[in-house]
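Have a look at coords_17.pdb below; it lists PDB, C-alpha atoms, pLDDT in the B column.
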```pdb
ATOM      1  CA  MET X   1      -5.467 -79.120  29.068  1.00 48.00           C
ATOM      2  CA  ILE X   2      -8.907 -77.540  29.146  1.00 49.00           C
ATOM      3  CA  THR X   3      -9.055 -73.910  30.094  1.00 46.00           C
ATOM      4  CA  THR X   4     -12.203 -72.146  31.095  1.00 51.00           C
ATOM      5  CA  THR X   5     -12.891 -68.506  31.437  1.00 56.00           C
ATOM      6  CA  SER X   6     -14.670 -67.351  34.508  1.00 64.00           C
ATOM      7  CA  SER X   7     -17.384 -64.796  34.197  1.00 71.00           C
ATOM      8  CA  PRO X   8     -16.648 -61.259  35.228  1.00 73.00           C
ATOM      9  CA  SER X   9     -17.591 -60.282  38.758  1.00 81.00           C
ATOM     10  CA  PRO X  10     -21.033 -58.712  39.258  1.00 83.00           C
ATOM     11  CA  ILE X  11     -19.427 -55.309  39.863  1.00 90.00           C
ATOM     12  CA  ARG X  12     -17.393 -55.578  36.660  1.00 88.00           C
ATOM     13  CA  GLN X  13     -20.489 -56.705  34.775  1.00 89.00           C
ATOM     14  CA  THR X  14     -22.440 -53.705  36.065  1.00 91.00           C
ATOM     15  CA  PHE X  15     -19.712 -51.273  35.028  1.00 94.00           C
ATOM     16  CA  ALA X  16     -19.482 -52.972  31.651  1.00 92.00           C
ATOM     17  CA  LEU X  17     -23.235 -52.640  31.087  1.00 95.00           C
ATOM     18  CA  VAL X  18     -23.079 -48.945  31.970  1.00 95.00           C
ATOM     19  CA  GLY X  19     -20.142 -48.609  29.574  1.00 94.00           C
ATOM     20  CA  TRP X  20     -22.021 -50.280  26.707  1.00 96.00           C
ATOM     21  CA  LEU X  21     -25.042 -48.064  27.370  1.00 95.00           C
ATOM     22  CA  ALA X  22     -22.832 -44.961  27.382  1.00 95.00           C
ATOM     23  CA  LEU X  23     -21.097 -46.030  24.176  1.00 94.00           C
ATOM     24  CA  CYS X  24     -24.361 -46.684  22.332  1.00 95.00           C
ATOM     25  CA  PHE X  25     -25.947 -43.428  23.450  1.00 94.00           C
ATOM     26  CA  THR X  26     -22.750 -41.545  22.576  1.00 93.00           C
ATOM     27  CA  ALA X  27     -23.232 -42.716  18.992  1.00 89.00           C
ATOM     28  CA  ALA X  28     -26.672 -41.125  19.134  1.00 86.00           C
ATOM     29  CA  ALA X  29     -25.454 -37.933  20.790  1.00 86.00           C
ATOM     30  CA  GLY X  30     -23.615 -36.803  17.665  1.00 77.00           C
ATOM     31  CA  ALA X  31     -26.990 -36.208  16.035  1.00 73.00           C
ATOM     32  CA  ALA X  32     -27.623 -33.378  18.499  1.00 72.00           C
ATOM     33  CA  PHE X  33     -24.884 -31.360  16.805  1.00 73.00           C
ATOM     34  CA  VAL X  34     -26.285 -31.766  13.289  1.00 76.00           C
ATOM     35  CA  SER X  35     -28.431 -28.902  12.071  1.00 72.00           C
ATOM     36  CA  THR X  36     -30.893 -29.579   9.281  1.00 68.00           C
ATOM     37  CA  ASP X  37     -31.493 -25.846   8.740  1.00 72.00           C
ATOM     38  CA  GLY X  38     -35.105 -26.763   7.990  1.00 85.00           C
ATOM     39  CA  TRP X  39     -33.967 -28.869   5.019  1.00 89.00           C
ATOM     40  CA  TYR X  40     -35.833 -32.030   6.017  1.00 90.00           C
ATOM     41  CA  SER X  41     -39.176 -30.250   6.291  1.00 89.00           C
ATOM     42  CA  THR X  42     -38.801 -28.888   2.736  1.00 93.00           C
ATOM     43  CA  ILE X  43     -37.972 -32.101   0.866  1.00 94.00           C
ATOM     44  CA  VAL X  44     -40.459 -34.519  -0.676  1.00 97.00           C
ATOM     45  CA  LYS X  45     -41.073 -37.599   1.462  1.00 96.00           C
ATOM     46  CA  PRO X  46     -43.160 -40.699   0.793  1.00 97.00           C
ATOM     47  CA  SER X  47     -46.647 -40.818   2.287  1.00 96.00           C
ATOM     48  CA  TRP X  48     -45.522 -43.583   4.667  1.00 97.00           C
ATOM     49  CA  ASN X  49     -42.785 -41.428   6.244  1.00 95.00           C
ATOM     50  CA  PRO X  50     -43.185 -41.821  10.039  1.00 95.00           C
ATOM     51  CA  PRO X  51     -44.014 -38.772  12.162  1.00 92.00           C
ATOM     52  CA  SER X  52     -40.986 -37.005  13.633  1.00 86.00           C
ATOM     53  CA  TRP X  53     -42.008 -37.723  17.249  1.00 90.00           C
ATOM     54  CA  LEU X  54     -41.610 -41.478  16.651  1.00 93.00           C
ATOM     55  CA  PHE X  55     -37.857 -41.439  16.043  1.00 89.00           C
ATOM     56  CA  GLY X  56     -36.744 -40.461  19.575  1.00 89.00           C
ATOM     57  CA  PRO X  57     -38.569 -43.225  21.459  1.00 94.00           C
ATOM     58  CA  VAL X  58     -37.749 -45.872  18.853  1.00 95.00           C
ATOM     59  CA  TRP X  59     -34.045 -45.038  18.782  1.00 94.00           C
ATOM     60  CA  SER X  60     -33.859 -44.832  22.579  1.00 95.00           C
ATOM     61  CA  LEU X  61     -35.287 -48.332  22.904  1.00 97.00           C
ATOM     62  CA  LEU X  62     -33.036 -49.651  20.128  1.00 97.00           C
ATOM     63  CA  TYR X  63     -29.896 -48.182  21.738  1.00 97.00           C
ATOM     64  CA  VAL X  64     -30.759 -49.837  25.063  1.00 97.00           C
ATOM     65  CA  MET X  65     -31.325 -53.172  23.296  1.00 98.00           C
ATOM     66  CA  MET X  66     -28.048 -52.777  21.362  1.00 98.00           C
ATOM     67  CA  ALA X  67     -26.110 -52.070  24.553  1.00 98.00           C
ATOM     68  CA  VAL X  68     -27.615 -55.037  26.386  1.00 98.00           C
ATOM     69  CA  ALA X  69     -26.862 -57.306  23.402  1.00 98.00           C
ATOM     70  CA  ALA X  70     -23.224 -56.170  23.252  1.00 98.00           C
ATOM     71  CA  TRP X  71     -22.905 -56.556  27.019  1.00 97.00           C
ATOM     72  CA  LEU X  72     -24.300 -60.107  26.904  1.00 97.00           C
ATOM     73  CA  VAL X  73     -21.747 -61.070  24.252  1.00 97.00           C
ATOM     74  CA  TRP X  74     -18.966 -59.314  26.195  1.00 95.00           C
ATOM     75  CA  CYS X  75     -19.934 -61.389  29.252  1.00 94.00           C
ATOM     76  CA  GLU X  76     -19.188 -64.520  27.180  1.00 91.00           C
ATOM     77  CA  GLY X  77     -15.432 -64.098  27.364  1.00 88.00           C
ATOM     78  CA  GLY X  78     -14.768 -60.381  27.058  1.00 85.00           C
ATOM     79  CA  TRP X  79     -12.766 -58.794  24.261  1.00 88.00           C
ATOM     80  CA  LYS X  80     -10.323 -61.677  24.204  1.00 91.00           C
ATOM     81  CA  LEU X  81     -12.887 -64.246  23.075  1.00 91.00           C
ATOM     82  CA  GLN X  82     -15.415 -61.936  21.417  1.00 94.00           C
ATOM     83  CA  ARG X  83     -13.122 -59.710  19.357  1.00 95.00           C
ATOM     84  CA  GLN X  84     -14.810 -60.480  16.020  1.00 96.00           C
ATOM     85  CA  ALA X  85     -18.415 -60.151  17.211  1.00 97.00           C
ATOM     86  CA  LEU X  86     -17.757 -56.997  19.225  1.00 97.00           C
ATOM     87  CA  GLY X  87     -15.560 -55.606  16.433  1.00 97.00           C
ATOM     88  CA  PHE X  88     -18.412 -55.868  13.920  1.00 97.00           C
ATOM     89  CA  PHE X  89     -20.703 -54.318  16.512  1.00 98.00           C
ATOM     90  CA  LEU X  90     -18.370 -51.327  16.873  1.00 98.00           C
ATOM     91  CA  VAL X  91     -18.130 -50.931  13.091  1.00 98.00           C
ATOM     92  CA  GLN X  92     -21.900 -50.848  12.723  1.00 98.00           C
ATOM     93  CA  LEU X  93     -22.147 -48.425  15.645  1.00 97.00           C
ATOM     94  CA  LEU X  94     -19.674 -46.086  13.942  1.00 97.00           C
ATOM     95  CA  LEU X  95     -21.626 -46.336  10.682  1.00 97.00           C
ATOM     96  CA  ASN X  96     -24.810 -45.664  12.621  1.00 97.00           C
ATOM     97  CA  ALA X  97     -23.272 -42.468  14.023  1.00 95.00           C
ATOM     98  CA  LEU X  98     -22.078 -41.342  10.571  1.00 95.00           C
ATOM     99  CA  TRP X  99     -25.444 -41.663   8.836  1.00 95.00           C
ATOM    100  CA  THR X 100     -27.097 -38.649  10.505  1.00 93.00           C
ATOM    101  CA  PRO X 101     -24.401 -36.129   9.501  1.00 93.00           C
ATOM    102  CA  LEU X 102     -24.430 -37.471   5.935  1.00 94.00           C
ATOM    103  CA  PHE X 103     -28.184 -37.387   5.522  1.00 95.00           C
ATOM    104  CA  PHE X 104     -29.274 -34.432   7.652  1.00 92.00           C
ATOM    105  CA  GLY X 105     -26.081 -32.409   7.993  1.00 91.00           C
ATOM    106  CA  LEU X 106     -24.705 -32.596   4.456  1.00 92.00           C
ATOM    107  CA  HIS X 107     -28.133 -33.098   2.823  1.00 94.00           C
ATOM    108  CA  GLU X 108     -26.730 -36.048   0.859  1.00 96.00           C
ATOM    109  CA  PRO X 109     -29.374 -38.790   0.705  1.00 97.00           C
ATOM    110  CA  GLY X 110     -27.423 -40.622  -2.037  1.00 97.00           C
ATOM    111  CA  MET X 111     -24.230 -40.852   0.031  1.00 98.00           C
ATOM    112  CA  ALA X 112     -26.318 -41.649   3.112  1.00 98.00           C
ATOM    113  CA  PHE X 113     -27.986 -44.505   1.232  1.00 98.00           C
ATOM    114  CA  ALA X 114     -24.622 -46.013   0.267  1.00 98.00           C
ATOM    115  CA  GLU X 115     -23.537 -45.655   3.883  1.00 98.00           C
ATOM    116  CA  ILE X 116     -26.708 -47.232   5.283  1.00 98.00           C
ATOM    117  CA  VAL X 117     -26.171 -50.243   3.014  1.00 98.00           C
ATOM    118  CA  ALA X 118     -22.722 -50.673   4.615  1.00 98.00           C
ATOM    119  CA  LEU X 119     -24.370 -50.211   8.025  1.00 98.00           C
ATOM    120  CA  TRP X 120     -26.945 -52.886   7.197  1.00 98.00           C
ATOM    121  CA  LEU X 121     -24.255 -55.357   6.095  1.00 98.00           C
ATOM    122  CA  SER X 122     -22.143 -54.837   9.220  1.00 98.00           C
ATOM    123  CA  LEU X 123     -25.251 -55.014  11.395  1.00 98.00           C
ATOM    124  CA  PHE X 124     -26.317 -58.271   9.735  1.00 98.00           C
ATOM    125  CA  ALA X 125     -22.854 -59.664  10.491  1.00 98.00           C
ATOM    126  CA  SER X 126     -23.239 -58.489  14.112  1.00 98.00           C
ATOM    127  CA  VAL X 127     -26.630 -60.168  14.441  1.00 98.00           C
ATOM    128  CA  THR X 128     -25.226 -63.409  13.022  1.00 98.00           C
ATOM    129  CA  LEU X 129     -22.142 -63.404  15.253  1.00 98.00           C
ATOM    130  CA  PHE X 130     -24.109 -62.397  18.349  1.00 98.00           C
ATOM    131  CA  TRP X 131     -26.670 -65.131  17.648  1.00 97.00           C
ATOM    132  CA  ARG X 132     -23.889 -67.738  17.548  1.00 96.00           C
ATOM    133  CA  GLU X 133     -22.487 -66.609  20.882  1.00 95.00           C
ATOM    134  CA  LYS X 134     -25.710 -65.950  22.785  1.00 96.00           C
ATOM    135  CA  LYS X 135     -29.055 -66.288  21.041  1.00 97.00           C
ATOM    136  CA  VAL X 136     -30.781 -63.671  23.172  1.00 98.00           C
ATOM    137  CA  ALA X 137     -28.091 -61.135  22.174  1.00 98.00           C
ATOM    138  CA  GLY X 138     -28.709 -61.823  18.499  1.00 98.00           C
ATOM    139  CA  PHE X 139     -32.447 -61.605  19.079  1.00 98.00           C
ATOM    140  CA  LEU X 140     -32.056 -58.208  20.777  1.00 98.00           C
ATOM    141  CA  LEU X 141     -30.469 -56.832  17.583  1.00 98.00           C
ATOM    142  CA  VAL X 142     -33.249 -58.066  15.266  1.00 98.00           C
ATOM    143  CA  PRO X 143     -35.590 -55.069  15.870  1.00 98.00           C
ATOM    144  CA  TYR X 144     -32.641 -52.778  15.107  1.00 98.00           C
ATOM    145  CA  LEU X 145     -31.983 -54.668  11.861  1.00 98.00           C
ATOM    146  CA  VAL X 146     -35.672 -54.324  10.929  1.00 98.00           C
ATOM    147  CA  TRP X 147     -35.573 -50.584  11.705  1.00 98.00           C
ATOM    148  CA  VAL X 148     -32.387 -50.051   9.684  1.00 98.00           C
ATOM    149  CA  THR X 149     -33.976 -51.972   6.807  1.00 98.00           C
ATOM    150  CA  PHE X 150     -36.986 -49.652   6.972  1.00 98.00           C
ATOM    151  CA  ALA X 151     -34.693 -46.610   7.264  1.00 97.00           C
ATOM    152  CA  ALA X 152     -32.724 -47.747   4.205  1.00 98.00           C
ATOM    153  CA  VAL X 153     -35.900 -48.053   2.142  1.00 98.00           C
ATOM    154  CA  LEU X 154     -37.050 -44.640   3.390  1.00 98.00           C
ATOM    155  CA  ASN X 155     -33.622 -43.135   2.665  1.00 98.00           C
ATOM    156  CA  TYR X 156     -33.680 -44.584  -0.858  1.00 98.00           C
ATOM    157  CA  SER X 157     -37.206 -43.274  -1.460  1.00 98.00           C
ATOM    158  CA  ILE X 158     -36.281 -39.778  -0.311  1.00 98.00           C
ATOM    159  CA  TRP X 159     -33.176 -39.839  -2.470  1.00 98.00           C
ATOM    160  CA  ARG X 160     -35.210 -40.817  -5.552  1.00 97.00           C
ATOM    161  CA  LEU X 161     -37.971 -38.275  -4.809  1.00 97.00           C
ATOM    162  CA  ASN X 162     -35.455 -35.417  -4.466  1.00 95.00           C
ATOM    163  CA  PRO X 163     -33.039 -35.626  -7.398  1.00 85.00           C
TER     164      PRO X 163
END
```
Would you put the structure from the file into structure tokens?
Amino acid sequence: MITTTSSPSPIRQTFALVGWLALCFTAAAGAAFVSTDGWYSTIVKPSWNPPSWLFGPVWSLLYVMMAVAAWLVWCEGGWKLQRQALGFFLVQLLLNALWTPLFFGLHEPGMAFAEIVALWLSLFASVTLFWREKKVAGFLLVPYLVWVTFAAVLNYSIWRLNP
């Protein structure tokens, strides 16, 4: 017997998209409670360190793209069929939220680097699993993977420049 899953109703899809957006931006909201106490402005950074104003717009766009990607995968069978893909997505989102307190709050670039490597690995798994389920969802995570790769290199450089 062949069973098919019907897609969620448009109302349910809309609520789910809002939920994914809220979840992704909640991961970002934790950063608002982390005080750098001026630490970041005093450390040595590589010459290619981006200006501070760039991070807000980039992360805002990435969080929207992440939410839409997760929502698209969720629409392909919900949690029941997408447990693994969405599970990896949630792991990387948690790791994403933990990086800021490690790096900026605790002033621990070494620990933050180890953590961002774990983030990168779980994000790569998310991209791969999303791509298999819905190519556009995987594609939407690629800019995020590129940004996290850049952030990891920057994190490593800062760690090495500030022993």
Report as a list in words all protein, DNA and RNA residues lying within 9 Å of stretch 129-144 of chain X, evaluated on only C-alpha atoms, omitting residues in the same chain fewer than 4 positions from it.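 Once the nearby chain positions are removed, what remains is Trp59, Leu62, Tyr63, Met65, Met66, Val68, Ala69, Ala70, Trp71, Leu72, Val73, Glu76, Gln82, Gln84, Ala85, Leu86, Phe88, Phe89, Leu123, Phe124, Ala125, Val148 and Thr149 of chain X.
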Just-selected residues, C-alpha atoms written as a compact mmCIF listing (two decimals), in the frame of the given file:
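Generated output (selection_19.txt):
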```txt
# COMPACT_ATOMS: atom_id res chain seq x y z
CA TRP X 59 -34.04 -45.04 18.78
CA LEU X 62 -33.04 -49.65 20.13
CA TYR X 63 -29.90 -48.18 21.74
CA MET X 65 -31.32 -53.17 23.30
CA MET X 66 -28.05 -52.78 21.36
CA VAL X 68 -27.62 -55.04 26.39
CA ALA X 69 -26.86 -57.31 23.40
CA ALA X 70 -23.22 -56.17 23.25
CA TRP X 71 -22.90 -56.56 27.02
CA LEU X 72 -24.30 -60.11 26.90
CA VAL X 73 -21.75 -61.07 24.25
CA GLU X 76 -19.19 -64.52 27.18
CA GLN X 82 -15.42 -61.94 21.42
CA GLN X 84 -14.81 -60.48 16.02
CA ALA X 85 -18.42 -60.15 17.21
CA LEU X 86 -17.76 -57.00 19.23
CA PHE X 88 -18.41 -55.87 13.92
CA PHE X 89 -20.70 -54.32 16.51
CA LEU X 123 -25.25 -55.01 11.40
CA PHE X 124 -26.32 -58.27 9.74
CA ALA X 125 -22.85 -59.66 10.49
CA VAL X 148 -32.39 -50.05 9.68
CA THR X 149 -33.98 -51.97 6.81
```
Distance of atom CA of X:His107 from atom CA of X:Thr26, expressed in Å to one decimal place: 22.1 Å
Result set, the PyMOL selection byres ((chain X and resi 28) around 10) on current file, as a PyMOL selection string: chain X and resi 22-27+29-32+59-60+63+93+96-98+100
Please provide the set of residues having any atom within 8 Å of X:Ile43, restricted to all atoms listed in the file, with same-chain residues fewer than 3 positions apart removed, written as a PDB file with C-alpha atoms, in the coordinates of the input.
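Generated output (out21.pdb):
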```
ATOM      1  CA  TRP X  39     -33.967 -28.869   5.019  1.00 89.00           C
ATOM      2  CA  TYR X  40     -35.833 -32.030   6.017  1.00 90.00           C
ATOM      3  CA  ILE X 158     -36.281 -39.778  -0.311  1.00 98.00           C
ATOM      4  CA  ASN X 162     -35.455 -35.417  -4.466  1.00 95.00           C
TER       5      ASN X 162
END
```
Would you list the contacts of X:Trp99 as a list in words, taking every protein, DNA or RNA residue within 9 Å and counting all atoms listed in the file, but skipping same-chain residues closer than 2 positions in sequence?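 Once the adjacent positions are removed, what remains is Leu94, Leu95, Asn96, Ala97, Pro101, Leu102, Phe103, Phe104, Met111, Ala112, Phe113, Glu115, Ile116 and Leu119 of chain X.
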What gap, in Å, lies between atom CA of X:Gln13 and atom CA of X:Gly78?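 Rounded to one decimal, the two atoms are 10.3 Å apart.
Across the model, the gap from atom CA of X:Ala152 to atom CA of X:Thr128 is 19.5 Å.
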Go through X:Pro46, X:Gly19, X:Pro57, X:Pro10 one by one, measure the shortest atom-to-atom distance of each to X:Tyr156 using all atoms listed in the file, and give the residue with the smallest value. X:Pro46
Using all atoms listed in the file for the distances, tell me which of X:Asn155, X:Thr42, X:Ser126, X:Ser35 is nearest to X:Arg83. X:Ser126
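Minimum distance to X:Leu17 across X:Pro51, X:Leu61, X:Gly56, X:Trp74 (counting only C-alpha atoms) occurs at X:Trp74.
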N, CA and C atoms restored at stretch 119-145 of chain X, emitted as a PDB file, keeping the file's coordinate frame:
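Printed below is part_14.pdb as written:
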```pdb
ATOM      1  N   LEU X 119     -23.882 -50.022   6.658  1.00 98.00           N
ATOM      2  CA  LEU X 119     -24.370 -50.211   8.025  1.00 98.00           C
ATOM      3  C   LEU X 119     -25.183 -51.495   8.117  1.00 98.00           C
ATOM      4  N   TRP X 120     -26.090 -51.705   7.177  1.00 98.00           N
ATOM      5  CA  TRP X 120     -26.945 -52.886   7.197  1.00 98.00           C
ATOM      6  C   TRP X 120     -26.100 -54.164   7.130  1.00 98.00           C
ATOM      7  N   LEU X 121     -25.109 -54.170   6.246  1.00 98.00           N
ATOM      8  CA  LEU X 121     -24.255 -55.357   6.095  1.00 98.00           C
ATOM      9  C   LEU X 121     -23.476 -55.650   7.378  1.00 98.00           C
ATOM     10  N   SER X 122     -22.904 -54.613   7.982  1.00 98.00           N
ATOM     11  CA  SER X 122     -22.143 -54.837   9.220  1.00 98.00           C
ATOM     12  C   SER X 122     -23.075 -55.201  10.372  1.00 98.00           C
ATOM     13  N   LEU X 123     -24.274 -54.658  10.368  1.00 98.00           N
ATOM     14  CA  LEU X 123     -25.251 -55.014  11.395  1.00 98.00           C
ATOM     15  C   LEU X 123     -25.709 -56.461  11.225  1.00 98.00           C
ATOM     16  N   PHE X 124     -25.933 -56.880   9.990  1.00 98.00           N
ATOM     17  CA  PHE X 124     -26.317 -58.271   9.735  1.00 98.00           C
ATOM     18  C   PHE X 124     -25.219 -59.218  10.238  1.00 98.00           C
ATOM     19  N   ALA X 125     -23.969 -58.853   9.984  1.00 98.00           N
ATOM     20  CA  ALA X 125     -22.854 -59.664  10.491  1.00 98.00           C
ATOM     21  C   ALA X 125     -22.876 -59.689  12.023  1.00 98.00           C
ATOM     22  N   SER X 126     -23.159 -58.549  12.646  1.00 98.00           N
ATOM     23  CA  SER X 126     -23.239 -58.489  14.112  1.00 98.00           C
ATOM     24  C   SER X 126     -24.342 -59.391  14.640  1.00 98.00           C
ATOM     25  N   VAL X 127     -25.515 -59.320  14.011  1.00 98.00           N
ATOM     26  CA  VAL X 127     -26.630 -60.168  14.441  1.00 98.00           C
ATOM     27  C   VAL X 127     -26.226 -61.639  14.354  1.00 98.00           C
ATOM     28  N   THR X 128     -25.633 -62.016  13.238  1.00 98.00           N
ATOM     29  CA  THR X 128     -25.226 -63.409  13.022  1.00 98.00           C
ATOM     30  C   THR X 128     -24.207 -63.856  14.068  1.00 98.00           C
ATOM     31  N   LEU X 129     -23.185 -63.045  14.288  1.00 98.00           N
ATOM     32  CA  LEU X 129     -22.142 -63.404  15.253  1.00 98.00           C
ATOM     33  C   LEU X 129     -22.677 -63.399  16.682  1.00 98.00           C
ATOM     34  N   PHE X 130     -23.518 -62.433  17.006  1.00 98.00           N
ATOM     35  CA  PHE X 130     -24.109 -62.397  18.349  1.00 98.00           C
ATOM     36  C   PHE X 130     -24.988 -63.628  18.561  1.00 98.00           C
ATOM     37  N   TRP X 131     -25.769 -63.977  17.549  1.00 97.00           N
ATOM     38  CA  TRP X 131     -26.670 -65.131  17.648  1.00 97.00           C
ATOM     39  C   TRP X 131     -25.881 -66.398  17.949  1.00 97.00           C
ATOM     40  N   ARG X 132     -24.723 -66.544  17.320  1.00 96.00           N
ATOM     41  CA  ARG X 132     -23.889 -67.738  17.548  1.00 96.00           C
ATOM     42  C   ARG X 132     -23.368 -67.800  18.976  1.00 96.00           C
ATOM     43  N   GLU X 133     -23.059 -66.643  19.535  1.00 95.00           N
ATOM     44  CA  GLU X 133     -22.487 -66.609  20.882  1.00 95.00           C
ATOM     45  C   GLU X 133     -23.541 -66.702  21.975  1.00 95.00           C
ATOM     46  N   LYS X 134     -24.638 -65.990  21.778  1.00 96.00           N
ATOM     47  CA  LYS X 134     -25.710 -65.950  22.785  1.00 96.00           C
ATOM     48  C   LYS X 134     -26.983 -65.555  22.053  1.00 96.00           C
ATOM     49  N   LYS X 135     -27.865 -66.507  21.874  1.00 97.00           N
ATOM     50  CA  LYS X 135     -29.055 -66.288  21.041  1.00 97.00           C
ATOM     51  C   LYS X 135     -29.845 -65.045  21.443  1.00 97.00           C
ATOM     52  N   VAL X 136     -30.005 -64.832  22.730  1.00 98.00           N
ATOM     53  CA  VAL X 136     -30.781 -63.671  23.172  1.00 98.00           C
ATOM     54  C   VAL X 136     -30.117 -62.366  22.711  1.00 98.00           C
ATOM     55  N   ALA X 137     -28.803 -62.336  22.648  1.00 98.00           N
ATOM     56  CA  ALA X 137     -28.091 -61.135  22.174  1.00 98.00           C
ATOM     57  C   ALA X 137     -28.385 -60.898  20.697  1.00 98.00           C
ATOM     58  N   GLY X 138     -28.358 -61.953  19.910  1.00 98.00           N
ATOM     59  CA  GLY X 138     -28.709 -61.823  18.499  1.00 98.00           C
ATOM     60  C   GLY X 138     -30.149 -61.376  18.332  1.00 98.00           C
ATOM     61  N   PHE X 139     -31.034 -61.962  19.132  1.00 98.00           N
ATOM     62  CA  PHE X 139     -32.447 -61.605  19.079  1.00 98.00           C
ATOM     63  C   PHE X 139     -32.666 -60.133  19.420  1.00 98.00           C
ATOM     64  N   LEU X 140     -31.909 -59.617  20.380  1.00 98.00           N
ATOM     65  CA  LEU X 140     -32.056 -58.208  20.777  1.00 98.00           C
ATOM     66  C   LEU X 140     -31.681 -57.239  19.646  1.00 98.00           C
ATOM     67  N   LEU X 141     -30.851 -57.696  18.711  1.00 98.00           N
ATOM     68  CA  LEU X 141     -30.469 -56.832  17.583  1.00 98.00           C
ATOM     69  C   LEU X 141     -31.441 -56.919  16.403  1.00 98.00           C
ATOM     70  N   VAL X 142     -32.331 -57.903  16.401  1.00 98.00           N
ATOM     71  CA  VAL X 142     -33.249 -58.066  15.266  1.00 98.00           C
ATOM     72  C   VAL X 142     -34.161 -56.846  15.072  1.00 98.00           C
ATOM     73  N   PRO X 143     -34.774 -56.268  16.106  1.00 98.00           N
ATOM     74  CA  PRO X 143     -35.590 -55.069  15.870  1.00 98.00           C
ATOM     75  C   PRO X 143     -34.778 -53.910  15.267  1.00 98.00           C
ATOM     76  N   TYR X 144     -33.538 -53.790  15.661  1.00 98.00           N
ATOM     77  CA  TYR X 144     -32.641 -52.778  15.107  1.00 98.00           C
ATOM     78  C   TYR X 144     -32.399 -53.047  13.621  1.00 98.00           C
ATOM     79  N   LEU X 145     -32.176 -54.305  13.264  1.00 98.00           N
ATOM     80  CA  LEU X 145     -31.983 -54.668  11.861  1.00 98.00           C
ATOM     81  C   LEU X 145     -33.243 -54.355  11.052  1.00 98.00           C
TER      82      LEU X 145
END
```
